[in-house]
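Next comes input.txt, a file with compact mmCIF, C-alpha atoms.
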# COMPACT_ATOMS: atom_id res chain seq x y z
CA VAL A 12 -1.15 2.58 12.82
CA LEU A 13 -0.40 2.95 9.08
CA ARG A 14 2.09 5.37 7.52
CA VAL A 15 2.57 5.61 3.79
CA ARG A 16 5.71 7.62 2.97
CA ASP A 17 6.86 8.80 -0.45
CA LEU A 18 5.22 5.83 -2.21
CA VAL A 19 6.18 5.35 -5.87
CA VAL A 20 4.57 2.65 -8.03
CA GLU A 21 5.26 1.94 -11.69
CA PHE A 22 3.69 -0.35 -14.28
CA LYS A 23 5.29 -2.00 -17.28
CA ALA A 24 3.41 -1.20 -20.48
CA ALA A 25 4.11 -1.52 -24.20
CA GLU A 26 5.09 2.18 -24.17
CA GLY A 27 7.58 1.64 -21.34
CA LEU A 28 7.29 2.33 -17.62
CA ILE A 29 4.27 4.30 -16.42
CA ARG A 30 4.49 5.98 -13.02
CA ALA A 31 1.02 5.56 -11.51
CA VAL A 32 1.86 6.82 -8.01
CA ASP A 33 4.56 9.41 -7.39
CA GLY A 34 5.49 10.34 -3.82
CA VAL A 35 2.22 9.73 -1.98
CA SER A 36 2.35 10.14 1.82
CA PHE A 37 -0.36 9.91 4.48
CA THR A 38 -1.03 8.49 7.94
CA VAL A 39 -3.99 6.51 9.24
CA PRO A 40 -4.20 7.03 13.02
CA GLU A 41 -5.34 4.26 15.34
CA GLY A 42 -9.12 3.84 15.40
CA LYS A 43 -9.70 6.12 12.41
CA THR A 44 -11.11 5.53 8.94
CA VAL A 45 -9.50 7.19 5.95
CA ALA A 46 -10.92 7.71 2.46
CA LEU A 47 -8.71 8.29 -0.57
CA VAL A 48 -10.35 10.91 -2.77
CA GLY A 49 -9.25 12.03 -6.20
CA GLU A 50 -10.05 12.23 -9.86
CA SER A 51 -10.37 9.14 -12.03
CA GLY A 52 -6.90 7.83 -12.83
CA SER A 53 -5.20 9.64 -9.93
CA GLY A 54 -3.87 6.42 -8.36
CA LYS A 55 -6.31 5.78 -5.51
CA SER A 56 -6.82 2.11 -6.39
CA VAL A 57 -3.11 1.58 -7.01
CA VAL A 58 -2.28 2.99 -3.55
CA SER A 59 -4.87 0.68 -1.98
CA GLN A 60 -3.63 -2.35 -3.93
CA THR A 61 -0.08 -1.52 -2.89
CA ILE A 62 -0.97 -1.39 0.81
CA MET A 63 -2.64 -4.80 0.52
CA GLN A 64 0.15 -6.21 -1.72
CA ILE A 65 -2.34 -7.14 -4.45
CA LEU A 66 -0.82 -5.19 -7.34
CA PRO A 67 -1.15 -6.77 -10.79
CA ASN A 68 1.99 -8.55 -12.04
CA THR A 69 2.89 -5.55 -14.20
CA GLY A 70 3.01 -3.23 -11.17
CA LYS A 71 6.03 -2.70 -8.93
CA ILE A 72 6.78 -0.63 -5.84
CA VAL A 73 9.91 1.32 -6.77
CA GLY A 74 10.12 3.67 -3.79
CA GLY A 75 8.75 4.59 -0.41
CA GLU A 76 7.44 2.75 2.61
CA VAL A 77 4.15 1.33 3.85
CA LEU A 78 4.73 1.13 7.60
CA PHE A 79 2.19 -0.80 9.65
CA HIS A 80 2.20 -0.85 13.43
CA ASP A 81 0.65 -4.05 14.69
CA PRO A 82 -0.77 -3.42 18.18
CA ASP A 83 -0.12 -7.08 19.06
CA ARG A 84 3.62 -6.49 18.52
CA LEU A 85 4.63 -3.84 20.99
CA GLY A 86 6.58 -1.02 19.43
CA SER A 87 7.28 -2.71 16.13
CA PHE A 88 6.58 -1.50 12.61
CA VAL A 89 6.71 -3.67 9.52
CA ASP A 90 7.25 -2.24 6.03
CA LEU A 91 4.51 -3.94 4.02
CA ALA A 92 6.12 -2.70 0.80
CA LYS A 93 9.10 -4.97 1.52
CA LEU A 94 7.11 -8.13 2.26
CA PRO A 95 6.53 -10.69 -0.50
CA ALA A 96 2.84 -10.59 -1.47
CA GLU A 97 2.21 -14.23 -0.55
CA SER A 98 4.39 -14.36 2.56
CA LYS A 99 2.93 -15.73 5.77
CA GLU A 100 3.38 -12.32 7.43
CA MET A 101 1.54 -10.45 4.64
CA ARG A 102 -1.31 -12.98 4.60
CA ALA A 103 -1.68 -12.46 8.37
CA VAL A 104 -2.12 -8.70 7.79
CA ARG A 105 -4.32 -8.79 4.67
CA GLY A 106 -7.99 -9.00 5.60
CA ARG A 107 -7.28 -9.56 9.29
CA ARG A 108 -5.41 -6.43 10.37
CA ILE A 109 -6.01 -4.21 7.33
CA SER A 110 -9.12 -4.30 5.17
CA ILE A 111 -10.03 -2.23 2.15
CA ILE A 112 -13.41 -1.86 0.50
CA PHE A 113 -13.11 -1.12 -3.20
CA GLN A 114 -15.95 0.82 -4.79
Show this structure as structure tokens.
Amino acid sequence: VLRVRDLVVEFKAAEGLIRAVDGVSFTVPEGKTVALVGESGSGKSVVSQTIMQILPNTGKIVGGEVLFHDPDRLGSFVDLAKLPAESKEMRAVRGRRISIIFQ
């Protein structure tokens, strides 16, 4: 249902660009729950924010794909990383088709 492939996310900072996520890949199969586990600062929240298209203004997806298969659209995948955050299509996914619980 969800495939994250080679995801790269960077943030603008006073020091320059900071790569917060570098080549993350995983799949969430239909009907399954997935937990992202890692040390503090490893990019778990950034990956989650990227999937939901709720990155802060200083963050930018610079590589990879976030492919979502909507069961209501037979055989089609949409790359969430390419959708504008406030687009009608992304708003239809966020909270309705994909939900994330932040700790």
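CA of Glu41 in chain A lies 27.0 Å from CA of Val73 in chain A.
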(message) Env of Ser53 in chain A: 9 Å cut, atoms = all atoms listed in the file, seq-sep filter 5 positions within chain, self excluded. Answer as an MDAnalysis selection string.
(response) chainID A and resid 31:32 48
Given the selection you just returned, output its residues as a file containing C-alpha atoms, formatted as an mmCIF file, in the coordinates of the input.
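Once everything was written out, this is out.cif:
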data_model
loop_
_atom_site.group_PDB
_atom_site.id
_atom_site.type_symbol
_atom_site.label_atom_id
_atom_site.label_comp_id
_atom_site.auth_asym_id
_atom_site.auth_seq_id
_atom_site.Cartn_x
_atom_site.Cartn_y
_atom_site.Cartn_z
ATOM 1 C CA ALA A 31 1.020 5.560 -11.510
ATOM 2 C CA VAL A 32 1.860 6.820 -8.010
ATOM 3 C CA VAL A 48 -10.350 10.910 -2.770
#
(message) Ranking A:Leu91, A:Val35, A:Leu18, A:Leu78 by minimum distance to Arg105 in chain A and counting only C-alpha atoms, which one comes first?
(response)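 Going through A:Leu91, A:Val35, A:Leu18, A:Leu78 one by one, the smallest distance to Arg105 in chain A is for A:Leu91.
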(request) Find the residues near Gly34 in chain A: any atom within 12 Å, counting all atoms listed in the file, skip ones fewer than 4 places away on the same chain, and give them as a PyMOL selection string. (result) chain A and resi 15-21+30+54+58+72-77
(request) Take CA of Phe37 in chain A and CA of Lys55 in chain A and report the distance between them in Å, one decimal. (result) 12.3 Å
(message) Quick check, in Å to one decimal: how far apart do CA of Val45 in chain A and CA of Ile62 in chain A lie?
(response) 13.1 Å
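The smallest atom-to-atom distance between Gln114 in chain A and any of A:Thr38, A:Ser56, A:Thr44, A:Asn68, using only C-alpha atoms, is found for A:Ser56.
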(request) Give the answer as one residue: which of A:Leu13, A:Ala96, A:Val39, A:Leu47 has the shortest atom-to-atom distance to Leu66 in chain A, using only C-alpha atoms? (result) A:Ala96
(message) Restricting the calculation to only C-alpha atoms: of A:Lys71, A:Arg102, A:Lys43, A:Arg107, which residue gets closest to Val57 in chain A?
(response) A:Lys71
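Taking all atoms listed in the file into account, the polymer residues that have an atom no farther than 12 Å from (1.5, -10.9, 3.9) are Thr61, Ile62, Met63, Gln64, Ile65, Phe79, Val89, Asp90, Leu91, Ala92, Lys93, Leu94, Pro95, Ala96, Glu97, Ser98, Lys99, Glu100, Met101, Arg102, Ala103, Val104, Arg105, Gly106, Arg107, Arg108 and Ile109 of chain A.
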